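Student: The structure that follows is given in the form of structure tokens.
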Amino acid sequence: MMRNTLFGLTAVVAAVMVLTACASAGDGNGQRDRITLSSSAATKTVEHKGTGYGVDDLPQWISEYLDRGVPGVESLADYKGKYCIVAEEQGPELQQLLTWVNNFNAQQQIGATINSRVISVFKANESLVPDNADSRRAYSNAINTLITATYTGARKETDWWLKQVISNKGEPDETRYRAIALYSIDRNILDSQIVARIEELKAGNSELDAAFNAVSTKILERGLEWD
């Protein structure tokens, strides 16, 4: 991916949806366009937060996020040992998005991150759950408890915005802005808090508690890794 170009994105996106940017071709003489990168969806980024300061390069975390999503951001040395929480919003007015960025509460996005990462751990240990309706219900409800709990330790790293023009054949061009906020939290801090919440769910049922213990052990061993 080129660092000295702006990115064309392939589709209108919802929060935390991963997009893939494609590289532009040179002019045949080894020269690359400075501020052009088109996608198959005819969507082009024409400006971003750094443009007004004469900076064409996108930050590395934005490039990784657009290319590979949150796992790409977490692969960077700057975020070693941390979970990254990325949230984004889009709309026709930049000022509205900047207000959203400044007032964004990371708690909800932490819950979404936990939900996407722990479900597989719970499913992997379902066989340990007692074969009765109450136990299965308690085990299933544990995920909802985890994603709605309050966690501490998240801090805002940075944010960015992109201005995009979407061209659809036979329709007027549409201009939209996209704001992306990056938060992080130390892995051991979040892992410990999740395990503590799981401990609170135990109710003295030895078989069900064994299933919860297996989930906690796996989280402490491997963290909230992406499948």
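Quick note on naming: the chains in the structure tokens go A, B, ... in the order shown, residues restart at 1 in each chain, and ligands are numbered from 1 in order of appearance.
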Please provide the set of residues having any atom within 12 Å of Ala203 in chain A, restricted to only C-alpha atoms, with same-chain residues fewer than 6 positions apart removed, written as a PyMOL selection string.

Tutor: chain A and resi 134-135+138-139+209-210+212

Student: Neighbours of Gly72 in chain A within 10 Å (only C-alpha atoms; same-chain residues fewer than 6 positions away dropped), as a ChimeraX atom specification?

Tutor: /A:60-66,84

Student: Glu199 in chain A: which residues within 10 Å, counting only C-alpha atoms, same-chain residues fewer than 3 positions away excluded, as an mmCIF file with C-alpha atoms, in the first residue's frame?

Tutor:
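Saved as part.cif:
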data_model
loop_
_atom_site.group_PDB
_atom_site.id
_atom_site.type_symbol
_atom_site.label_atom_id
_atom_site.label_comp_id
_atom_site.auth_asym_id
_atom_site.auth_seq_id
_atom_site.Cartn_x
_atom_site.Cartn_y
_atom_site.Cartn_z
ATOM 1 C CA GLN A 193 -11.259 -7.565 34.302
ATOM 2 C CA ILE A 194 -13.106 -10.013 32.050
ATOM 3 C CA VAL A 195 -12.001 -12.966 34.149
ATOM 4 C CA ALA A 196 -13.157 -11.122 37.290
ATOM 5 C CA LYS A 202 -20.493 -18.429 39.322
ATOM 6 C CA ALA A 203 -23.421 -19.666 41.404
ATOM 7 C CA ASP A 209 -18.489 -23.297 37.137
ATOM 8 C CA PHE A 212 -16.649 -20.773 33.251
ATOM 9 C CA ASN A 213 -13.220 -21.742 34.596
ATOM 10 C CA SER A 216 -11.230 -17.886 32.034
#

Student: CA of Gly91 in chain A and CA of Thr158 in chain A are how many Å apart?

Tutor: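 Separation between CA of Gly91 in chain A and CA of Thr158 in chain A: 19.6 Å.
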
Student: Name the closest residue to Ala106 in chain A among the candidates A:Pro172, A:Gly223, A:Gly204, A:Gly153; distances are taken between atoms, counting only C-alpha atoms.

Tutor: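 Result for the nearest residue to Ala106 in chain A: A:Gly153.
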
Student: One number please: CA of Ile219 in chain A to CA of Ile189 in chain A, in Å, one decimal.

Tutor: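 Answer for the CA of Ile219 in chain A to CA of Ile189 in chain A separation: 11.9 Å.
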